[in-house]
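Below you'll find the structure, written out as structure tokens, and then a few comments.
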Amino acid sequence: MTQPVIEVRGLQKSFRRPKGWKEMLKPTNRKVVLADVDLVVRRGEIFGLLGPNGAGKTTLVKILCGLVAPDSGQALVAGRDVASQGLDVRRRIGVVYADERSFYWRLSVRENLRFYARLYKLKSGATEARIDELLRMFDLTEAADVRMHAFSSGMKQRAAIARGLLHDPEIVFMDEPSRSLDPVGTEDLHRVIRERVADGRRTVMIATHLMHEAEALCHRLTLINHGKTVLTGTVEEFRSWVDSEIVYRLVVGGGDVRPEGLAAIPGMLGVSFDSARPGAISLELRMSRSATALPTAIRYLVEHSSDIRSCAKEEIGLDEVFRMVVRGQAPRQLEAVVQ
Amino acid sequence: MTLAWAFIRRDWLRLASYRLLVIWQALGLTVFIAAIYFAAGFVATAVGMATHSSDYVQFVLAGIAFTDVYLTGLKAFPNALRDAQLAGTLEPMLLAPIRLPQLVAASSVFVFVQSLFRLSIVVTLAVTVFGYWHQANLLTAVLVLIPGCLTFAAVGLVSAACVVLFKQGDPIAGAYGFVSSMLGGTVVPVSVLPGWMHPLSQFVPLTHALNGTRLAMSGASPLKALTSIAALWAMTLVLLPIALAVFSAALRRAKKEGTLVQY
């Protein structure tokens with residue numbers, strides 16, 4: 001799992017902002033969607049492209065598939081330049097969308113797959129066997145000859161994966177694969193991706209805004225925000241970055257509690273102070289797990305407030321890292337690894 | 001060929017899934033031919049061709065049936081593209097290892113097959129029921145049809161470029177189709193149009209396509225229809241490279257702006 005199969009260097013992309021009638025004669029503004037993105041995905045890994053809506057994930061996937069031309073920079077997929085060797089790249093990739101409309105709903109899934117198999121120039125003798133194999137693999141055999149408009153979202157999504165694998169591509173791109181699925185459907189889909197799509201030799205890139213999805217599926221992740229790659233690492237590395245931090249939420253009675261007094265405690269990483277409620281102060285104390293800031297903070301609060309009414313520990317999950325980085329509130333130890 | 005067959009099969013299955021539409025299309029064709037037969041007699045009387053009403057029915061039948069084929073060339077590409085945009089299937093098709101012009105051409109094959117089927121029904125009925133076109137020269141007809149369809153396909157490609165860039169509001173297909181039908185002599189001979197329209201009609205491919213087609217249906221040899229055939233090939237040779245260049249430029253632009261699969 002060391003050989004790079006997707007390499008992105010200095011990729012930049014901007015789009016024209018849509019103009020209203022009143023701005024027709026004004027100069028066109030451009031919105032930067034990707035700003036100097038660098039990325040390496042290794043053969044056989046499941047790579048997560050994480051980011052909030054509008055971060056640039058889908059644009060990056062579309063550039064890698066050759067549907068959008070980059071302004072500058074280079075993207076290599078399976079060693080081929082997407083800008084100049086588009087056809088060759090498309091032979092080697094499969095793409096799975098969350099968009100259910102990408103099928104002919106008046107046709108059965110078998111007919112849909114037959115059609116797409118012809119587009120991928122599968123030999124007619126091998127096509128039927130491959131379609132049967134995929135239908136079995138994705139539990140669609142019984143519904144194979146039913147028109148797709150009768151399919152549930154989960155079935156359509158499984159059909160989309162089957163289509164993405166028709167020509168047995170070496171790389172599969174999945175754009176928000178669980179977007180329209182319920183929790184059970186999502187869980188089933190994750191199992192299918194783990195067991196049947198990522199078979200060890202195939203590389204999978206998943207664009208998602210769901211941290212738990214990335215956590216459940218990916219070996220490595222890149223967090224992308226405002227068109228920039230912000231954090232890259234394994235799931236374990238992401239976890240270690242946040243595990244080094246702990247948050248306590250406290251409510252104390254009035255008194256002489258000052259945020260700067262708490263912030264000065266060694267190991268204290270951040271203090272959020274809310275005295276809006278009369279006679280009570282709500283505190284959020286973010287502290288290093290390795291330091292012993294809590295006893296010192298409690299001692300300070302006992303000395304400076306009338307009483308401590310509640311104290312609750314809050315674990316920071318990967319979702320919280322996502323939120324902090326996206327909102328530009330990354331704690332100090334995360335700032336060290338933010339690119 | 002496999003690619004074209006895949007699209008024909010797809011489009012047939014989609015069409016066949018709308019049973020009422022299939023019945024209605026079959027019924028519509030029959031009604032259409034009967035309407036032309038009876039209406040042409042009235043129109044012929046109105047324009048002073050009463051003594052030649054049979055000639056006029058042939059004139060109109062050939063005009064409408066072949067214009068249908070030629071205009072298919074004009075509308076097939078943009079319609080195929082627009083249909084795929086709206087159905088949401090354009091993106092997965094674009095991800096297949098096929099060039100877009102090849103994809104657009106293959107997507108349009110079925111409508112050409114449909115229009116040729118309609119034409120064959122009209123011709124068969126005209127020959128067997130009305131007793132027209134017994135002397136038709138098929139070779140001449142094919143030699144006119146090929147460049148005729150190609151010139152319209154070239155304009156259709158420019159129209160498809162408009163769909164790639166602007167999605168809706170394509171000015172080419174509608175306007176060009178209308179002007180062609182007006183000046184090209186579909187239902188009224190060019191000779192009865194106002195004098196100032198005559199030179200303009202010579203720049204319309206449909207004029208030469210229908211002239212050549214009518215000559216073919218009356219039994220003219222390829223040599224007698226040479227003027228029409230030569231004019232159509234000349235137009236094809238000028239229009240097709242321009243159309244391909246325009247379409248490629250539209251494609252590059254849409255890829256740059258990321259609007260290729262928008263609708």
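Letters for chains follow the order of the structure tokens (A, B, ...), residue numbers begin at 1 for each chain, and ligand numbers begin at 1 in the order shown.
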So which residues of segment 70-221 of chain B fall under alpha helix (DSSP H) by DSSP, listed as a PyMOL selection string?
chain B and resi 70-87+90-94+100-128+138-166+171-183+197-201+205-217
Distance-based interface of chain A with chain B, 8 Å, counting only C-alpha atoms, as a ChimeraX atom specification
/A:15-16,65-71,87-88,90-91,95,101-104,106-107,111,115-116,118-120
Got time to write the residues from that selection, C-alpha atoms, as a CSV table (one decimal), in the first residue's frame?
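And here is the file that came out, part-v4.csv:
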chain,number,residue,atom,x,y,z
A,15,PHE,CA,-15.4,29.2,-11.3
A,16,ARG,CA,-17.2,32.3,-12.5
A,65,CYS,CA,-12.4,12.0,-13.4
A,66,GLY,CA,-11.8,14.5,-16.2
A,67,LEU,CA,-15.2,16.2,-16.1
A,68,VAL,CA,-13.7,19.5,-15.0
A,69,ALA,CA,-10.5,21.1,-16.3
A,70,PRO,CA,-8.2,22.5,-13.7
A,71,ASP,CA,-6.9,26.1,-14.0
A,87,LEU,CA,-9.8,8.5,-22.1
A,88,ASP,CA,-7.0,6.3,-20.6
A,90,ARG,CA,-11.6,6.9,-17.6
A,91,ARG,CA,-10.9,3.2,-18.5
A,95,VAL,CA,-17.4,6.5,-10.1
A,101,ARG,CA,-31.2,10.1,-11.2
A,102,SER,CA,-28.1,8.7,-12.9
A,103,PHE,CA,-30.1,5.6,-14.0
A,104,TYR,CA,-32.9,5.0,-16.5
A,106,ARG,CA,-38.0,2.9,-16.7
A,107,LEU,CA,-35.5,0.2,-17.3
A,111,GLU,CA,-30.8,-3.4,-18.7
A,115,PHE,CA,-26.2,-0.4,-21.4
A,116,TYR,CA,-23.3,0.9,-19.4
A,118,ARG,CA,-21.5,-1.5,-23.8
A,119,LEU,CA,-20.2,2.0,-23.1
A,120,TYR,CA,-17.2,0.4,-21.3
Straight-line distance linking atom CA of Lys57 of chain A with atom CA of Arg9 of chain A, stated in Å to one decimal:
15.4 Å
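Put simply, atom CA of Arg163 of chain A is 28.2 Å away from atom CA of Leu165 of chain B.
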Between atom CA of Thr203 of chain A and atom CA of Arg42 of chain A, what distance in Å does the model show, to one decimal?
7.4 Å
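Minimum atom-to-atom distances from B:Phe112, B:Trp24, B:Phe59, B:Phe247 to Cys149 of chain B were compared using only C-alpha atoms, and the lowest value belongs to B:Phe112.
The smallest atom-to-atom distance between Leu206 of chain B and any of B:Pro241, B:Gly28, B:Gly219, B:Gly63, using only C-alpha atoms, is found for B:Gly63.
Of the listed residues B:Val127, B:Ala153, B:Leu183, B:Ile8, the one whose atoms come nearest to Ala106 of chain B is B:Ile8, with distances taken using only C-alpha atoms.
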Surrounding residues of segment 292-306 of chain A excluding itself and chain neighbours under 5 positions, 8 Å, only C-alpha atoms, as number ranges by chain
A: 252-257, 262, 265-268, 287
So that I have them on file, write out the residues from the current selection with C-alpha atoms, as an mmCIF file, in the first residue's frame.
data_model
loop_
_atom_site.group_PDB
_atom_site.id
_atom_site.type_symbol
_atom_site.label_atom_id
_atom_site.label_comp_id
_atom_site.auth_asym_id
_atom_site.auth_seq_id
_atom_site.Cartn_x
_atom_site.Cartn_y
_atom_site.Cartn_z
ATOM 1 C CA VAL A 252 -20.384 27.570 39.216
ATOM 2 C CA GLY A 253 -22.088 30.039 41.517
ATOM 3 C CA GLY A 254 -21.231 33.722 41.364
ATOM 4 C CA GLY A 255 -18.031 35.052 42.838
ATOM 5 C CA ASP A 256 -14.772 36.416 41.560
ATOM 6 C CA VAL A 257 -14.086 33.886 38.786
ATOM 7 C CA LEU A 262 -8.214 30.070 34.595
ATOM 8 C CA ILE A 265 -3.252 27.564 34.683
ATOM 9 C CA PRO A 266 -0.541 25.355 33.124
ATOM 10 C CA GLY A 267 -2.061 22.863 30.646
ATOM 11 C CA MET A 268 -5.173 24.992 30.076
ATOM 12 C CA MET A 287 -7.195 21.326 28.681
#
Could you pull the residues within 12 Å of Val33 of chain A, counting only C-alpha atoms, minus those fewer than 5 positions along the same chain, as a PyMOL selection string?
(chain A and resi 11-17+53-60+63+70-71+224-229) or (chain B and resi 257-258)
Restricted to C-alpha atoms, what would the selected residues look like written as a compact mmCIF listing (two decimals), in the first residue's frame?
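Final output, out18.txt:
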# COMPACT_ATOMS: atom_id res chain seq x y z
CA LEU A 11 -4.11 22.05 -8.19
CA GLN A 12 -6.09 25.28 -8.53
CA LYS A 13 -9.61 25.85 -9.76
CA SER A 14 -11.93 28.81 -9.78
CA PHE A 15 -15.39 29.23 -11.25
CA ARG A 16 -17.24 32.27 -12.52
CA ARG A 17 -19.76 33.56 -10.02
CA ASN A 53 -20.45 21.42 1.98
CA GLY A 54 -18.84 23.68 -0.59
CA ALA A 55 -15.30 22.86 0.51
CA GLY A 56 -14.29 21.73 -2.98
CA LYS A 57 -14.47 17.93 -2.57
CA THR A 58 -16.79 17.27 -5.51
CA THR A 59 -14.82 19.64 -7.74
CA LEU A 60 -11.64 17.76 -6.89
CA ILE A 63 -11.17 17.04 -11.92
CA PRO A 70 -8.15 22.53 -13.66
CA ASP A 71 -6.86 26.10 -13.99
CA ILE A 224 -10.34 20.03 2.95
CA ASN A 225 -11.77 23.45 3.73
CA HIS A 226 -12.20 26.51 1.51
CA GLY A 227 -10.43 24.63 -1.26
CA LYS A 228 -7.33 23.87 0.78
CA THR A 229 -6.09 20.63 2.24
CA GLU B 257 -16.37 26.35 -16.18
CA GLY B 258 -17.48 23.05 -14.69
Shell of 12 Å around Val158 of chain B, only C-alpha atoms, local chain residues under 4 positions omitted, as a ChimeraX atom specification:
/B:73-78,101,151-154,162-165,170-173,176,239-251
Using only C-alpha atoms: which of B:Leu116, B:Ala234, B:Leu143, B:Val155 has the shortest distance to Gly212 of chain B
B:Leu143
Counting only C-alpha atoms, figure out which residue out of B:Leu125, B:Ala161, B:Met217, B:Ala209 gets nearest to Leu232 of chain B.
B:Ala209
